[in-house]
Amino acid sequence: MQKNEKASQVSTGVFFVGLGLLFFTGWWWPGIMFVIAASMLAGTITAGESWTSATGALWLIGIGVVFGIPGLIGDIAGAFWQIFPLILIGMGLFMLFGGKYRPKVSGKRKNDDIHKV
C-alpha cells in the first residue's frame, strides 16, 4: 500500500472512531473540532510528515479549546463575538497565504526533493 493511501486510511479511521465517540457522548461542539484535528494529525504523521506541518489541525485544536473552556465565552462574550469573525478571516488568510512566508521547520517537507538541482 502506498504512503498516501495508508495515510488516507488512517485519517479516515481516526475520523470514524471520533465520530462514534461523539455519538456516544453527545459532545458535538466543540468535540467535532477535536475529531477533525485528530484525523488531520493522524494522516500527516502516517504520511511521514512532521506534526507541525498540519497547521490546520493546530488551528482547529485552538478553536476547540477556546469553545471548550466553560465560562470563557460567557465572561467575554460581547467583545469576543465582535472580534470572532475577524479571527476566522485572519486564520483563513493565514492558511491560504501563510505557507509562503513561514520559516522552514526542521525536518523534510513533502516537496523538498523536487526543488533540489
# chains A, B, ... in the order shown; residues from 1 in each chain; ligands from 1
$ residues_around --residues "Leu41 (chain A)" --least-positions-apart "6" --cutoff "10 Å" --atoms "only C-alpha atoms" --output "PDB file with all heavy atoms, in the first residue's frame"
ATOM      1  N   ALA A   7      -2.021   6.792   4.648  1.00  0.00           N
ATOM      2  CA  ALA A   7      -2.342   7.995   5.423  1.00  0.00           C
ATOM      3  C   ALA A   7      -3.826   8.312   5.348  1.00  0.00           C
ATOM      4  O   ALA A   7      -4.451   8.668   6.347  1.00  0.00           O
ATOM      5  CB  ALA A   7      -1.515   9.180   4.929  1.00  0.00           C
ATOM      6  N   VAL A  10      -5.723   5.730   7.528  1.00  0.00           N
ATOM      7  CA  VAL A  10      -5.588   6.012   8.965  1.00  0.00           C
ATOM      8  C   VAL A  10      -6.394   7.248   9.344  1.00  0.00           C
ATOM      9  O   VAL A  10      -7.102   7.260  10.353  1.00  0.00           O
ATOM     10  CB  VAL A  10      -4.101   6.183   9.341  1.00  0.00           C
ATOM     11  CG1 VAL A  10      -3.944   6.740  10.747  1.00  0.00           C
ATOM     12  CG2 VAL A  10      -3.366   4.858   9.202  1.00  0.00           C
ATOM     13  N   SER A  11      -6.315   8.284   8.519  1.00  0.00           N
ATOM     14  CA  SER A  11      -7.057   9.517   8.789  1.00  0.00           C
ATOM     15  C   SER A  11      -8.557   9.261   8.839  1.00  0.00           C
ATOM     16  O   SER A  11      -9.249   9.730   9.742  1.00  0.00           O
ATOM     17  CB  SER A  11      -6.733  10.541   7.700  1.00  0.00           C
ATOM     18  OG  SER A  11      -7.475  11.709   7.873  1.00  0.00           O
ATOM     19  N   VAL A  14      -9.464   7.236  12.046  1.00  0.00           N
ATOM     20  CA  VAL A  14      -9.492   8.094  13.243  1.00  0.00           C
ATOM     21  C   VAL A  14     -10.748   8.951  13.241  1.00  0.00           C
ATOM     22  O   VAL A  14     -11.393   9.150  14.275  1.00  0.00           O
ATOM     23  CB  VAL A  14      -8.217   8.966  13.321  1.00  0.00           C
ATOM     24  CG1 VAL A  14      -8.337  10.043  14.374  1.00  0.00           C
ATOM     25  CG2 VAL A  14      -6.995   8.090  13.583  1.00  0.00           C
ATOM     26  N   VAL A  35     -12.108  16.088  16.733  1.00  0.00           N
ATOM     27  CA  VAL A  35     -12.133  14.885  15.886  1.00  0.00           C
ATOM     28  C   VAL A  35     -11.496  15.182  14.531  1.00  0.00           C
ATOM     29  O   VAL A  35     -10.664  14.408  14.039  1.00  0.00           O
ATOM     30  CB  VAL A  35     -13.579  14.366  15.721  1.00  0.00           C
ATOM     31  CG1 VAL A  35     -13.664  13.304  14.644  1.00  0.00           C
ATOM     32  CG2 VAL A  35     -14.100  13.843  17.047  1.00  0.00           C
ATOM     33  N   ALA A  47       1.757   9.866   6.911  1.00  0.00           N
ATOM     34  CA  ALA A  47       2.401  10.180   5.635  1.00  0.00           C
ATOM     35  C   ALA A  47       3.893  10.453   5.812  1.00  0.00           C
ATOM     36  O   ALA A  47       4.595  10.675   4.842  1.00  0.00           O
ATOM     37  CB  ALA A  47       1.717  11.370   4.981  1.00  0.00           C
ATOM     38  N   GLU A  49       5.206  13.005   7.587  1.00  0.00           N
ATOM     39  CA  GLU A  49       5.489  14.421   7.756  1.00  0.00           C
ATOM     40  C   GLU A  49       5.512  14.769   9.230  1.00  0.00           C
ATOM     41  O   GLU A  49       4.991  14.045  10.066  1.00  0.00           O
ATOM     42  CB  GLU A  49       4.436  15.262   7.039  1.00  0.00           C
ATOM     43  CG  GLU A  49       4.381  15.010   5.548  1.00  0.00           C
ATOM     44  CD  GLU A  49       3.283  15.801   4.875  1.00  0.00           C
ATOM     45  OE1 GLU A  49       2.890  16.853   5.412  1.00  0.00           O
ATOM     46  OE2 GLU A  49       2.812  15.356   3.821  1.00  0.00           O
ATOM     47  N   SER A  50       6.115  15.903   9.543  1.00  0.00           N
ATOM     48  CA  SER A  50       6.141  16.382  10.915  1.00  0.00           C
ATOM     49  C   SER A  50       4.742  16.850  11.307  1.00  0.00           C
ATOM     50  O   SER A  50       4.016  17.419  10.485  1.00  0.00           O
ATOM     51  CB  SER A  50       7.122  17.548  11.033  1.00  0.00           C
ATOM     52  OG  SER A  50       7.002  18.185  12.273  1.00  0.00           O
ATOM     53  N   TRP A  51       4.357  16.636  12.553  1.00  0.00           N
ATOM     54  CA  TRP A  51       3.023  17.058  13.002  1.00  0.00           C
ATOM     55  C   TRP A  51       2.884  18.570  12.929  1.00  0.00           C
ATOM     56  O   TRP A  51       1.787  19.095  12.840  1.00  0.00           O
ATOM     57  CB  TRP A  51       2.719  16.546  14.409  1.00  0.00           C
ATOM     58  CG  TRP A  51       3.600  17.117  15.471  1.00  0.00           C
ATOM     59  CD1 TRP A  51       4.794  16.639  15.898  1.00  0.00           C
ATOM     60  CD2 TRP A  51       3.365  18.297  16.231  1.00  0.00           C
ATOM     61  NE1 TRP A  51       5.315  17.436  16.867  1.00  0.00           N
ATOM     62  CE2 TRP A  51       4.458  18.464  17.108  1.00  0.00           C
ATOM     63  CE3 TRP A  51       2.331  19.229  16.268  1.00  0.00           C
ATOM     64  CZ2 TRP A  51       4.552  19.528  17.989  1.00  0.00           C
ATOM     65  CZ3 TRP A  51       2.421  20.286  17.157  1.00  0.00           C
ATOM     66  CH2 TRP A  51       3.528  20.420  18.006  1.00  0.00           C
ATOM     67  N   THR A  52       4.001  19.296  12.954  1.00  0.00           N
ATOM     68  CA  THR A  52       3.936  20.757  12.885  1.00  0.00           C
ATOM     69  C   THR A  52       3.536  21.253  11.500  1.00  0.00           C
ATOM     70  O   THR A  52       3.203  22.418  11.344  1.00  0.00           O
ATOM     71  CB  THR A  52       5.282  21.380  13.283  1.00  0.00           C
ATOM     72  OG1 THR A  52       6.305  20.852  12.424  1.00  0.00           O
ATOM     73  CG2 THR A  52       5.619  21.090  14.727  1.00  0.00           C
ATOM     74  N   SER A  53       3.565  20.380  10.494  1.00  0.00           N
ATOM     75  CA  SER A  53       3.141  20.805   9.164  1.00  0.00           C
ATOM     76  C   SER A  53       1.624  20.794   9.017  1.00  0.00           C
ATOM     77  O   SER A  53       1.105  21.248   8.002  1.00  0.00           O
ATOM     78  CB  SER A  53       3.788  19.923   8.093  1.00  0.00           C
ATOM     79  OG  SER A  53       3.327  18.603   8.195  1.00  0.00           O
ATOM     80  N   ALA A  54       0.915  20.295   9.999  1.00  0.00           N
ATOM     81  CA  ALA A  54      -0.553  20.269   9.970  1.00  0.00           C
ATOM     82  C   ALA A  54      -1.098  21.485  10.697  1.00  0.00           C
ATOM     83  O   ALA A  54      -1.763  21.384  11.729  1.00  0.00           O
ATOM     84  CB  ALA A  54      -1.071  18.980  10.591  1.00  0.00           C
ATOM     85  N   THR A  55      -0.850  22.669  10.149  1.00  0.00           N
ATOM     86  CA  THR A  55      -1.276  23.895  10.831  1.00  0.00           C
ATOM     87  C   THR A  55      -2.792  23.995  10.938  1.00  0.00           C
ATOM     88  O   THR A  55      -3.301  24.555  11.901  1.00  0.00           O
ATOM     89  CB  THR A  55      -0.738  25.150  10.117  1.00  0.00           C
ATOM     90  OG1 THR A  55      -1.112  25.102   8.746  1.00  0.00           O
ATOM     91  CG2 THR A  55       0.769  25.235  10.231  1.00  0.00           C
ATOM     92  N   GLY A  56      -3.517  23.459   9.966  1.00  0.00           N
ATOM     93  CA  GLY A  56      -4.983  23.488  10.047  1.00  0.00           C
ATOM     94  C   GLY A  56      -5.484  22.736  11.267  1.00  0.00           C
ATOM     95  O   GLY A  56      -6.411  23.181  11.950  1.00  0.00           O
ATOM     96  N   ALA A  57      -4.859  21.604  11.559  1.00  0.00           N
ATOM     97  CA  ALA A  57      -5.241  20.825  12.737  1.00  0.00           C
ATOM     98  C   ALA A  57      -4.948  21.596  14.014  1.00  0.00           C
ATOM     99  O   ALA A  57      -5.738  21.577  14.965  1.00  0.00           O
ATOM    100  CB  ALA A  57      -4.512  19.488  12.750  1.00  0.00           C
ATOM    101  N   LEU A  58      -3.825  22.290  14.039  1.00  0.00           N
ATOM    102  CA  LEU A  58      -3.475  23.065  15.234  1.00  0.00           C
ATOM    103  C   LEU A  58      -4.459  24.214  15.452  1.00  0.00           C
ATOM    104  O   LEU A  58      -4.827  24.523  16.586  1.00  0.00           O
ATOM    105  CB  LEU A  58      -2.039  23.573  15.127  1.00  0.00           C
ATOM    106  CG  LEU A  58      -0.981  22.469  14.999  1.00  0.00           C
ATOM    107  CD1 LEU A  58       0.402  23.083  14.798  1.00  0.00           C
ATOM    108  CD2 LEU A  58      -0.995  21.552  16.199  1.00  0.00           C
TER     109      LEU A  58
END
$ closest_residue --among "A:Pro30, A:Asn4, A:Ser39, A:Thr44" --to "Val17 (chain A)" --atoms "only C-alpha atoms"
A:Ser39
$ atom_distance --atom1 "CA of Gly64 (chain A)" --atom2 "CA of Gly31 (chain A)"
7.0 Å
$ atom_distance --atom1 "CA of Ala37 (chain A)" --atom2 "CA of Phe94 (chain A)"
17.1 Å
$ closest_residue --among "A:Gln2, A:Val65, A:Phe15, A:Met91" --to "Gly48 (chain A)" --atoms "only C-alpha atoms"
A:Gln2
$ closest_residue --among "A:Trp29, A:Glu5, A:Thr12, A:Ile87" --to "Ile69 (chain A)" --atoms "only C-alpha atoms"
A:Trp29
